$ cat query-v9.txt   # compact mmCIF, C-alpha atoms and all ligand atoms
# COMPACT_ATOMS: atom_id res chain seq x y z
CA MET A 24 122.53 61.79 80.21
CA LYS A 25 118.87 60.90 79.82
CA ILE A 26 116.67 61.91 82.72
CA ALA A 27 113.02 61.07 83.21
CA LYS A 28 110.56 63.37 81.41
CA ASN A 29 108.53 64.07 84.51
CA VAL A 30 111.58 65.52 86.28
CA SER A 31 111.91 68.20 83.60
CA ARG A 32 108.29 69.19 84.26
CA LEU A 33 109.01 70.13 87.88
CA GLY A 34 108.70 73.85 88.61
CA THR A 35 110.36 75.81 91.38
CA GLU A 36 109.83 78.66 93.81
CA ALA A 37 111.00 82.02 92.43
CA VAL A 38 111.76 83.10 95.96
CA TYR A 39 114.96 81.04 95.96
CA ASN A 40 116.23 82.75 92.76
CA ILE A 41 115.35 86.14 94.21
CA PHE A 42 117.11 85.18 97.44
CA ALA A 43 120.28 84.43 95.43
CA GLN A 44 119.87 87.72 93.54
CA THR A 45 119.49 89.80 96.72
CA LYS A 46 122.53 88.10 98.26
CA GLU A 47 124.55 88.90 95.13
CA LEU A 48 123.40 92.54 95.13
CA ALA A 49 124.23 92.81 98.84
CA LYS A 50 127.69 91.38 98.11
CA GLN A 51 128.20 94.14 95.56
CA GLY A 52 127.56 96.62 98.37
CA LYS A 53 123.92 97.43 97.49
CA ASP A 54 121.60 98.11 100.37
CA ILE A 55 118.70 95.64 99.91
CA LEU A 56 115.54 95.42 101.99
CA ASP A 57 114.28 91.87 101.57
CA LEU A 58 110.51 91.56 101.72
CA SER A 59 110.44 88.48 99.53
CA LEU A 60 111.03 85.54 101.86
CA GLY A 61 108.14 83.56 103.32
CA GLN A 62 109.23 83.47 106.92
CA SER A 63 108.95 85.34 110.19
CA ASP A 64 111.74 87.53 111.52
CA PHE A 65 110.96 86.21 115.03
CA LYS A 66 113.28 83.61 116.56
CA SER A 67 111.85 80.21 117.54
CA PRO A 68 110.52 80.20 121.15
CA LYS A 69 113.23 79.63 123.76
CA HIS A 70 111.46 76.71 125.44
CA VAL A 71 111.32 74.97 122.06
CA VAL A 72 115.03 75.41 121.40
CA ASP A 73 115.76 74.22 124.97
CA ALA A 74 113.66 71.09 124.41
CA ALA A 75 115.72 70.17 121.34
CA ILE A 76 119.00 70.74 123.17
CA LYS A 77 117.77 68.66 126.11
CA ALA A 78 116.73 65.84 123.77
CA LEU A 79 120.16 65.79 122.15
CA LYS A 80 121.95 65.90 125.51
CA GLU A 81 119.81 63.05 126.78
CA GLY A 82 120.87 60.93 123.83
CA HIS A 83 117.82 60.97 121.59
CA HIS A 84 119.95 60.47 118.51
CA GLY A 85 118.38 57.50 116.78
CA TYR A 86 115.72 56.84 114.17
CA THR A 87 112.05 57.10 115.10
CA LEU A 88 109.03 55.53 113.45
CA PRO A 89 108.70 56.89 109.89
CA ASN A 90 105.33 58.51 110.69
CA GLY A 91 106.72 60.24 113.81
CA THR A 92 107.02 59.33 117.47
CA ILE A 93 103.77 58.39 119.15
CA GLU A 94 104.37 61.21 121.66
CA CYS A 95 104.64 63.78 118.88
CA ARG A 96 101.55 62.46 117.10
CA GLU A 97 99.64 62.47 120.38
CA ALA A 98 100.68 66.09 120.95
CA VAL A 99 99.28 67.04 117.51
CA SER A 100 96.07 65.14 118.24
CA ARG A 101 95.73 66.97 121.61
CA LYS A 102 96.35 70.33 119.97
CA ILE A 103 93.71 69.69 117.30
CA LYS A 104 91.25 68.74 120.04
CA ASN A 105 92.06 71.87 122.06
CA LEU A 106 91.93 74.23 119.11
CA TYR A 107 89.04 72.84 117.10
CA ASN A 108 87.34 70.28 119.31
CA ALA A 109 87.97 67.71 116.55
CA ASN A 110 88.85 64.10 117.33
CA ILE A 111 91.78 62.95 115.22
CA GLU A 112 93.44 59.77 116.38
CA PRO A 113 97.27 59.81 116.40
CA LYS A 114 97.29 56.95 113.89
CA ARG A 115 95.90 59.36 111.26
CA ILE A 116 98.67 61.90 111.90
CA VAL A 117 102.02 61.79 110.12
CA ILE A 118 104.95 63.97 111.23
CA MET A 119 106.85 65.25 108.20
CA PRO A 120 110.04 67.18 107.48
CA GLY A 121 108.04 70.40 106.90
CA GLY A 122 104.59 71.15 105.57
CA LYS A 123 105.70 70.68 101.98
CA PRO A 124 106.11 66.86 101.91
CA THR A 125 102.41 66.45 102.75
CA MET A 126 101.52 68.26 99.52
CA HIS A 127 104.20 66.37 97.61
CA TYR A 128 102.79 63.03 98.78
CA ALA A 129 99.13 63.97 98.37
CA ILE A 130 99.62 65.20 94.80
CA SER A 131 101.76 62.12 93.99
CA PHE A 132 99.00 59.82 95.26
CA PHE A 133 96.33 61.31 93.01
CA GLY A 134 98.14 62.74 89.99
CA GLU A 135 98.70 60.76 86.82
CA LEU A 136 98.00 61.07 83.13
CA GLY A 137 94.25 61.44 82.55
CA ALA A 138 93.53 62.74 86.07
CA GLU A 139 92.69 66.35 86.93
CA ILE A 140 93.69 68.29 90.03
CA ILE A 141 92.08 71.61 90.93
CA TYR A 142 94.28 74.19 92.65
CA PRO A 143 94.33 77.90 93.55
CA ASN A 144 95.94 80.34 91.11
CA PRO A 145 97.73 82.39 92.25
CA GLY A 146 98.88 79.88 94.83
CA PHE A 147 101.86 78.21 96.44
CA PRO A 148 103.98 77.34 93.36
CA ILE A 149 104.59 73.75 94.40
CA TYR A 150 100.94 72.78 93.81
CA GLU A 151 101.19 73.42 90.07
CA SER A 152 104.75 72.14 89.89
CA MET A 153 103.88 68.81 91.48
CA ILE A 154 100.67 68.40 89.46
CA ASN A 155 102.69 68.87 86.25
CA TYR A 156 105.31 66.44 87.52
CA THR A 157 102.72 63.70 87.93
CA GLY A 158 101.34 64.24 84.41
CA ALA A 159 97.86 65.15 85.67
CA LYS A 160 96.03 68.14 84.21
CA ALA A 161 96.41 71.21 86.44
CA VAL A 162 93.02 72.95 86.64
CA PRO A 163 93.36 76.40 88.23
CA TYR A 164 90.71 78.42 90.04
CA ASN A 165 91.34 82.10 89.67
CA LEU A 166 91.55 83.92 93.00
CA MET A 167 91.87 87.32 91.29
CA GLU A 168 88.21 87.23 90.24
CA LYS A 169 86.82 88.26 93.61
CA ASN A 170 87.87 91.63 95.00
CA ASP A 171 88.96 90.16 98.31
CA ASN A 172 90.74 87.18 96.62
CA SER A 173 88.76 84.71 98.73
CA ILE A 174 87.62 81.33 97.40
CA ASN A 175 84.68 81.46 94.99
CA VAL A 176 82.91 78.31 96.11
CA GLU A 177 80.47 78.01 93.19
CA LYS A 178 83.34 78.44 90.74
CA VAL A 179 85.48 75.80 92.45
CA LEU A 180 82.63 73.27 92.52
CA SER A 181 81.86 73.97 88.85
CA LEU A 182 85.37 72.82 87.88
CA ILE A 183 84.85 69.30 89.22
CA ASN A 184 84.23 66.57 86.65
CA ALA A 185 84.57 62.79 86.43
CA LYS A 186 88.36 63.09 86.02
CA THR A 187 88.87 65.23 89.12
CA ARG A 188 90.82 63.35 91.76
CA LEU A 189 92.02 66.08 94.11
CA LEU A 190 90.96 69.60 95.11
CA ILE A 191 93.59 71.79 96.77
CA LEU A 192 92.55 74.55 99.16
CA CYS A 193 94.74 77.05 100.98
CA ASN A 194 93.27 79.22 103.71
CA PRO A 195 94.59 81.70 104.91
CA HIS A 196 96.16 82.13 101.56
CA ASN A 197 99.69 82.57 100.26
CA PRO A 198 100.40 84.82 98.32
CA THR A 199 97.27 87.03 98.57
CA GLY A 200 96.88 87.11 102.37
CA SER A 201 93.16 86.51 101.81
CA PHE A 202 91.00 84.71 104.31
CA THR A 203 87.91 82.73 103.35
CA GLU A 204 85.24 82.90 106.04
CA LYS A 205 83.56 79.93 107.71
CA SER A 206 80.22 80.58 105.97
CA GLU A 207 81.92 79.98 102.60
CA ILE A 208 83.84 76.92 103.82
CA ASP A 209 80.52 75.54 105.11
CA LYS A 210 79.07 75.93 101.61
CA LEU A 211 82.10 74.28 100.06
CA ALA A 212 82.04 71.34 102.47
CA LYS A 213 78.34 70.86 101.75
CA GLY A 214 78.89 71.06 97.99
CA LEU A 215 81.69 68.51 98.17
CA LEU A 216 79.24 65.91 99.49
CA ASN A 217 77.98 65.72 95.90
CA PHE A 218 81.44 64.62 94.72
CA PRO A 219 82.42 61.63 96.85
CA ASN A 220 85.31 60.66 94.55
CA VAL A 221 87.18 63.91 95.05
CA THR A 222 89.83 64.00 97.76
CA ILE A 223 90.56 67.34 99.43
CA LEU A 224 93.98 68.65 100.38
CA SER A 225 93.48 71.56 102.76
CA ASP A 226 96.68 73.54 103.25
CA GLU A 227 96.23 75.20 106.64
CA ILE A 228 99.85 76.18 107.29
CA TYR A 229 98.78 79.77 108.20
CA SER A 230 95.91 78.57 110.42
CA ARG A 231 97.23 80.35 113.53
CA LEU A 232 98.09 83.61 111.79
CA ILE A 233 94.60 85.06 111.41
CA PHE A 234 93.68 88.60 112.45
CA ASP A 235 90.64 90.44 113.86
CA GLU A 236 89.86 87.66 116.37
CA LYS A 237 88.50 85.42 113.61
CA GLU A 238 88.50 81.68 114.02
CA MET A 239 90.11 79.22 111.66
CA PRO A 240 87.45 77.50 109.52
CA THR A 241 89.45 74.26 109.42
CA LEU A 242 88.27 71.40 107.24
CA LEU A 243 88.87 69.22 110.33
CA ASN A 244 85.47 70.41 111.52
CA TYR A 245 83.67 68.39 108.81
CA PRO A 246 83.85 64.74 109.93
CA ASN A 247 81.70 63.65 106.98
CA LEU A 248 84.71 64.44 104.76
CA TYR A 249 87.27 62.59 106.89
CA ASP A 250 87.45 59.55 104.61
CA ARG A 251 88.88 61.77 101.82
CA LEU A 252 90.41 64.72 103.65
CA ILE A 253 94.11 65.51 103.95
CA VAL A 254 95.04 68.48 106.13
CA LEU A 255 98.51 70.02 105.90
CA ASP A 256 99.76 72.05 108.85
CA GLY A 257 102.97 72.40 110.81
CA TRP A 258 105.31 74.35 113.00
CA SER A 259 107.08 76.52 110.40
CA LYS A 260 104.88 79.59 110.40
CA THR A 261 103.07 79.31 113.74
CA TYR A 262 106.19 78.93 115.86
CA ALA A 263 108.75 80.67 113.59
CA MET A 264 110.42 77.32 112.89
CA THR A 265 110.88 77.27 109.10
CA GLY A 266 114.42 75.90 109.21
CA TRP A 267 113.61 73.07 111.61
CA ARG A 268 111.73 71.25 108.87
CA LEU A 269 108.74 70.07 110.82
CA GLY A 270 105.18 69.62 109.69
CA TRP A 271 102.23 67.33 110.09
CA GLY A 272 99.56 65.86 107.90
CA VAL A 273 96.18 64.47 108.90
CA TRP A 274 95.26 61.68 106.48
CA PRO A 275 92.31 59.39 105.82
CA GLU A 276 92.96 56.07 107.53
CA SER A 277 92.91 54.30 104.14
CA LEU A 278 95.98 56.24 102.97
CA ILE A 279 98.18 55.86 106.05
CA ASP A 280 99.93 52.75 104.79
CA HIS A 281 100.84 54.53 101.53
CA VAL A 282 102.13 57.57 103.42
CA PHE A 283 104.17 55.29 105.67
CA ARG A 284 105.76 53.67 102.62
CA PHE A 285 106.57 57.03 101.06
CA CYS A 286 108.28 58.10 104.31
CA VAL A 287 110.26 54.85 104.40
CA ASN A 288 111.25 55.33 100.76
CA SER A 289 112.36 58.95 101.15
CA HIS A 290 113.47 60.32 104.54
CA SER A 291 112.97 57.37 107.00
CA CYS A 292 111.90 59.71 109.81
CA VAL A 293 111.93 63.31 110.95
CA ASN A 294 114.89 64.56 113.01
CA THR A 295 114.40 63.06 116.47
CA ALA A 296 115.42 66.05 118.60
CA ALA A 297 113.21 68.27 116.44
CA GLN A 298 110.23 66.07 117.33
CA TYR A 299 110.90 66.73 121.03
CA ALA A 300 110.98 70.45 120.26
CA ALA A 301 107.74 70.03 118.30
CA ILE A 302 105.98 68.61 121.37
CA ALA A 303 107.28 71.48 123.51
CA ALA A 304 105.91 73.96 120.97
CA LEU A 305 102.44 72.38 120.93
CA ASP A 306 102.12 71.76 124.67
CA GLY A 307 103.93 74.89 125.87
CA PRO A 308 102.77 78.46 126.46
CA GLU A 309 101.53 80.49 123.51
CA ASP A 310 102.88 83.91 124.56
CA HIS A 311 105.38 83.84 121.71
CA LEU A 312 102.68 83.17 119.11
CA ASN A 313 100.35 85.75 120.65
CA SER A 314 102.96 88.50 120.66
CA MET A 315 104.09 87.61 117.14
CA ARG A 316 100.52 87.77 115.85
CA LYS A 317 99.94 91.09 117.68
CA GLU A 318 103.07 92.55 116.09
CA PHE A 319 102.12 91.20 112.65
CA ASP A 320 98.73 92.88 113.04
CA ILE A 321 100.42 96.26 113.55
CA ARG A 322 102.75 95.62 110.63
CA ARG A 323 99.97 94.53 108.27
CA LYS A 324 98.13 97.83 108.89
CA LEU A 325 101.37 99.77 108.45
CA ILE A 326 102.20 98.12 105.13
CA PHE A 327 98.57 98.27 103.95
CA GLU A 328 98.41 102.01 104.53
CA GLY A 329 101.89 102.57 103.13
CA LEU A 330 101.24 100.65 99.91
CA ASN A 331 97.85 102.25 99.36
CA SER A 332 99.48 105.69 99.70
CA LEU A 333 101.76 104.95 96.72
CA LYS A 334 100.84 106.34 93.31
CA GLY A 335 99.12 103.66 91.22
CA VAL A 336 99.23 100.95 93.94
CA LYS A 337 96.21 99.47 95.69
CA CYS A 338 95.77 96.47 97.96
CA ASN A 339 93.49 94.65 100.37
CA LEU A 340 94.10 94.36 104.09
CA PRO A 341 95.29 90.76 104.59
CA GLY A 342 93.00 88.62 106.75
CA GLY A 343 95.71 86.06 107.52
CA SER A 344 99.30 84.93 106.82
CA PHE A 345 102.07 87.55 106.66
CA PHE A 346 101.73 88.45 103.00
CA ILE A 347 100.20 91.38 101.16
CA PHE A 348 99.55 91.32 97.43
CA PRO A 349 99.16 94.83 95.96
CA ASP A 350 97.85 95.49 92.47
CA VAL A 351 100.32 97.79 90.67
CA LYS A 352 98.52 98.10 87.35
CA ASN A 353 97.95 101.84 87.66
CA THR A 354 101.68 102.50 87.93
CA GLY A 355 101.80 101.63 84.23
CA MET A 356 103.87 98.52 85.02
CA ASN A 357 102.95 94.89 85.34
CA GLY A 358 104.04 92.93 88.43
CA GLU A 359 107.27 91.71 86.84
CA GLU A 360 108.33 95.21 85.74
CA PHE A 361 107.43 96.59 89.15
CA PHE A 362 109.45 93.83 90.85
CA GLU A 363 112.52 94.60 88.67
CA LYS A 364 112.28 98.34 89.27
CA CYS A 365 111.84 97.89 93.02
CA LEU A 366 114.82 95.56 93.27
CA HIS A 367 117.27 97.48 91.09
CA GLU A 368 116.22 101.10 91.66
CA ALA A 369 114.73 101.08 95.17
CA GLY A 370 116.69 98.15 96.62
CA VAL A 371 113.50 96.45 97.81
CA ALA A 372 113.03 92.73 97.10
CA THR A 373 109.45 91.60 96.40
CA ILE A 374 108.12 88.70 94.31
CA PRO A 375 106.18 89.17 91.06
CA GLY A 376 102.64 87.80 91.22
CA THR A 377 103.22 85.55 88.21
CA ALA A 378 105.66 83.52 90.31
CA PHE A 379 102.46 82.21 91.93
CA GLY A 380 100.39 81.74 88.80
CA LYS A 381 99.39 83.21 85.47
CA PHE A 382 96.38 85.16 86.75
CA ALA A 383 98.37 87.53 88.96
CA VAL A 384 99.94 89.61 86.18
CA HIS A 385 99.51 92.95 87.92
CA ASN A 386 100.55 92.01 91.45
CA VAL A 387 103.62 91.61 93.61
CA ARG A 388 103.92 89.86 96.97
CA LEU A 389 105.52 91.49 99.99
CA ASN A 390 106.20 89.81 103.32
CA PHE A 391 105.36 91.97 106.33
CA ALA A 392 107.00 89.63 108.86
CA THR A 393 109.86 92.11 109.01
CA SER A 394 110.43 95.09 111.32
CA ARG A 395 108.19 98.17 111.23
CA GLU A 396 111.31 100.16 110.44
CA ASN A 397 112.03 97.99 107.38
CA ILE A 398 108.44 98.32 106.21
CA SER A 399 108.48 102.12 106.50
CA LYS A 400 111.86 102.34 104.78
CA ALA A 401 110.68 100.05 101.95
CA ILE A 402 107.59 102.19 101.36
CA GLU A 403 109.70 105.37 101.31
CA LYS A 404 112.14 103.85 98.83
CA ILE A 405 109.38 102.61 96.52
CA ASP A 406 107.62 105.98 96.77
CA LYS A 407 110.78 107.71 95.48
CA ILE A 408 111.00 105.56 92.34
CA LEU A 409 107.32 106.04 91.53
CA ASN A 410 107.46 109.84 91.62
N1 LIG B 1 101.96 75.78 102.21
C1 LIG B 1 102.05 77.10 102.00
C2 LIG B 1 100.85 77.83 101.52
C3 LIG B 1 103.24 77.79 102.24
O1 LIG B 1 103.30 79.10 102.04
C4 LIG B 1 104.37 77.05 102.68
C5 LIG B 1 105.66 77.71 102.89
O2 LIG B 1 105.93 78.81 102.50
C6 LIG B 1 104.23 75.67 102.87
C7 LIG B 1 103.02 75.07 102.63
C8 LIG B 1 105.39 74.81 103.26
O3 LIG B 1 105.75 74.99 104.58
P1 LIG B 1 107.08 74.29 105.16
O4 LIG B 1 108.16 75.32 105.14
O5 LIG B 1 106.71 73.87 106.54
O6 LIG B 1 107.41 73.14 104.29

$ encode --input "query-v9.txt" --output "C-alpha cells"
Amino acid sequence: MKIAKNVSRLGTEAVYNIFAQTKELAKQGKDILDLSLGQSDFKSPKHVVDAAIKALKEGHHGYTLPNGTIECREAVSRKIKNLYNANIEPKRIVIMPGGKPTMHYAISFFGELGAEIIYPNPGFPIYESMINYTGAKAVPYNLMEKNDNSINVEKVLSLINAKTRLLILCNPHNPTGSFTEKSEIDKLAKGLLNFPNVTILSDEIYSRLIFDEKEMPTLLNYPNLYDRLIVLDGWSKTYAMTGWRLGWGVWPESLIDHVFRFCVNSHSCVNTAAQYAAIAALDGPEDHLNSMRKEFDIRRKLIFEGLNSLKGVKCNLPGGSFFIFPDVKNTGMNGEEFFEKCLHEAGVATIPGTAFGKFAVHNVRLNFATSRENISKAIEKIDKILN
C-alpha cells in the first residue's frame, strides 16, 4: 500500500499512548493515579446536559449549516461582547467539532513547502504535527528561556521573515500553565503591525481558566489585526465538555468561504443537539465555572507546594489552565526518566515535557484538575521514590 508522504509526517499526542498504558497497568491490578489527561474531573453543567436532552426530545436530529446554527453563532458573538466588549459578527464565527479543527484548518490554509510557521515549544503537540504535515518549516519559539515560561515578545517578532505565513500563540499555555500578561500582548500586537503578511492563530482555549482575578488579554481586543486574526476557543475546558466535541473559531471575513468548504468536505456540521447545549452553556449561569475555577485555584496551590517540597523538583505557580510543569533536573533524571519512574514505581501518570517539544527535556506535565486527595496521594507516592 502506498500512502501519501505527508500523512507519514503527522505526529500525535503522547497522552493517548500514556492513557492506553495506564489502562493496561490498571487492568493488571496496579493502582494508578492518572495526572496525565488534559481534562477536568468536573461533570458538564446540568443545565447544559438538559438542553441537549431537550433538543433531542424535540426532534432536532438533522443537519445544520456547516458553520453552525445562526443561534449558536449569535450566542458566541454575544458572549464575546459580554466578556471582552469586542464586536464579532456571527458571520465570522464558525462552530467546530472541538477546538482542534480550528488549528487543523488554520495550519492547512497557510502551510506548504517554502512557507514558515512560528509556534510555541513546548506547546500543544498538534501545532508541530500539522505544520510538518503541510510541508511548511516549523519554527519554534522556546518558552523555557524565560523563568516564568511566558511569551518573549522580542524573540517571537525576531523570528518573522518574508517566508512567515502564520504565528501561533497559546495563552494561557498548555503544557506550562504560564500566563502572558496584557502588557506583553499589547507589545506583541503593536509589533505585528510591522508584519502585515503574517496571520495570527491565537489559541485561547484556556481563556476562562485564569487565576488571581486577572483578565484574559484576548487578541480579540485588537481590531487592527482582525483582517488576519484567527481565534480558537470553545466549550471543552471552560464548561468541562471535552467529550462533546464543541469549539468555535473567529476568522477573518476573507477566509470564511474557505473554512465553510473545509467543513463541507470533512464533517458537514457539528452535532445538532450539542449546539443547543452550547447555547445553554454560553447564555446560562456561570456558577459551575466559578466553582470549578475556585477549586482549581486551591488545587494549583496544593500541587505547587507539594511538588516544590520534593527533592530535586521545582516549579512555577501556574497562572492559568490546569497544568503544572515542574523542572526535575536536580533529581538526576530527565523528564522522560522521571515520567517512567513515576509511572512504574510510584503508580503516578504524568507526561514527559518532550511530548510537547524538544526544549522541555527536564520537565514533566501534571494535570491538577483532579481531586485534592489524588494530588496529595500523588505527591506522597512520588516523594517515596525520590528518597
Ligand atoms: N488547544 C490547546 C492548547 C489544548 O490544550 C487543547 C486540548 O487539550 C485544544 C486546543 C483542543 O481542544 P478540544 O478538545 O476542544 O479540541

$ residues_near_ligand --input "query-v9.txt" --ligand "ligand LIG 1 (chain B)" --cutoff "9 Å" --atoms "only C-alpha atoms and all ligand atoms" --output "JSON, numbers by chain"
{"A": [60, 61, 62, 119, 120, 121, 122, 123, 124, 125, 126, 146, 147, 148, 149, 150, 193, 194, 195, 196, 197, 198, 226, 227, 228, 229, 255, 256, 257, 258, 259, 260, 264, 265, 266, 267, 268, 269, 270, 271, 344]}

$ residues_around --input "query-v9.txt" --residues "A:Gly335" --least-positions-apart "3" --cutoff "7 Å" --atoms "only C-alpha atoms" --output "number ranges by chain"
A: 351-354

$ closest_residue --input "query-v9.txt" --among "A:Ile41, A:Ala392, A:Ile398, A:Ala383" --to "A:Glu168" --atoms "only C-alpha atoms"
A:Ala383

$ residues_around --input "query-v9.txt" --residues "stretch 101-113 of chain A" --least-positions-apart "2" --cutoff "8 Å" --atoms "all atoms listed in the file" --output "mmCIF file with C-alpha atoms, keeping the file's coordinate frame"
data_model
loop_
_atom_site.group_PDB
_atom_site.id
_atom_site.type_symbol
_atom_site.label_atom_id
_atom_site.label_comp_id
_atom_site.auth_asym_id
_atom_site.auth_seq_id
_atom_site.Cartn_x
_atom_site.Cartn_y
_atom_site.Cartn_z
ATOM 1 C CA ILE A 93 103.770 58.390 119.150
ATOM 2 C CA ARG A 96 101.550 62.460 117.100
ATOM 3 C CA GLU A 97 99.640 62.470 120.380
ATOM 4 C CA ALA A 98 100.680 66.090 120.950
ATOM 5 C CA VAL A 99 99.280 67.040 117.510
ATOM 6 C CA ARG A 115 95.900 59.360 111.260
ATOM 7 C CA ILE A 116 98.670 61.900 111.900
ATOM 8 C CA THR A 241 89.450 74.260 109.420
ATOM 9 C CA LEU A 243 88.870 69.220 110.330
ATOM 10 C CA ASN A 244 85.470 70.410 111.520
ATOM 11 C CA VAL A 273 96.180 64.470 108.900
ATOM 12 C CA LEU A 305 102.440 72.380 120.930
ATOM 13 C CA ASP A 306 102.120 71.760 124.670
#

$ atom_distance --input "query-v9.txt" --atom1 "atom CA of A:Lys50" --atom2 "atom CA of A:Ile326"
27.3 Å

$ closest_residue --input "query-v9.txt" --among "A:Asp310, A:Glu396, A:Glu403, A:Glu177" --to "A:Leu215" --atoms "only C-alpha atoms"
A:Glu177

$ closest_residue --input "query-v9.txt" --among "A:Pro308, A:Gly34, A:Pro163, A:Pro240" --to "A:Leu180" --atoms "all atoms listed in the file"
A:Pro163

$ atom_distance --input "query-v9.txt" --atom1 "atom CA of A:Val293" --atom2 "atom CA of A:Leu189"
26.2 Å

$ closest_residue --input "query-v9.txt" --among "A:Met153, A:Cys292, A:Val38, A:Leu224" --to "A:Leu88" --atoms "all atoms listed in the file"
A:Cys292

$ atom_distance --input "query-v9.txt" --atom1 "atom CA of A:Lys28" --atom2 "atom CA of A:Gly376"
27.5 Å

$ closest_residue --input "query-v9.txt" --among "A:Tyr128, A:Phe327, A:Tyr39, A:Tyr245" --to "A:Lys213" --atoms "only C-alpha atoms"
A:Tyr245

$ residues_around --input "query-v9.txt" --residues "A:Lys324" --least-positions-apart "3" --cutoff "12 Å" --atoms "all atoms listed in the file" --output "ChimeraX atom specification"
/A:234-235,317-321,327-331,338-342,345-347,391,395,398-399

$ axis_aligned_box --input "query-v9.txt" --around "stretch 284-301 of chain A" --padding-each-side "8 Å" --output "lines of an AutoDock Vina configuration file"
center_x = 110.6
center_y = 62.1
center_z = 110.9
size_x = 25.7
size_y = 32.8
size_z = 36.3

$ closest_residue --input "query-v9.txt" --among "A:Tyr249, A:Tyr299, A:Phe348, A:Phe133" --to "A:Pro275" --atoms "all atoms listed in the file"
A:Tyr249

$ residues_near_point --input "query-v9.txt" --point "(97.1, 61.1, 92.5)" --cutoff "10 Å" --atoms "only C-alpha atoms" --output "PyMOL selection string"
chain A and resi 128-136+138-140+154+157-159+187-189+222

$ write_last_selection --input "query-v9.txt" --atoms "C-alpha atoms" --output "short mmCIF file (atom, residue, chain, number, x, y, z; two decimals), keeping the file's coordinate frame"
data_model
loop_
_atom_site.label_atom_id
_atom_site.label_comp_id
_atom_site.auth_asym_id
_atom_site.auth_seq_id
_atom_site.Cartn_x
_atom_site.Cartn_y
_atom_site.Cartn_z
CA TYR A 128 102.79 63.03 98.78
CA ALA A 129 99.13 63.97 98.37
CA ILE A 130 99.62 65.20 94.80
CA SER A 131 101.76 62.12 93.99
CA PHE A 132 99.00 59.82 95.26
CA PHE A 133 96.33 61.31 93.01
CA GLY A 134 98.14 62.74 89.99
CA GLU A 135 98.70 60.76 86.82
CA LEU A 136 98.00 61.07 83.13
CA ALA A 138 93.53 62.74 86.07
CA GLU A 139 92.69 66.35 86.93
CA ILE A 140 93.69 68.29 90.03
CA ILE A 154 100.67 68.40 89.46
CA THR A 157 102.72 63.70 87.93
CA GLY A 158 101.34 64.24 84.41
CA ALA A 159 97.86 65.15 85.67
CA THR A 187 88.87 65.23 89.12
CA ARG A 188 90.82 63.35 91.76
CA LEU A 189 92.02 66.08 94.11
CA THR A 222 89.83 64.00 97.76
#
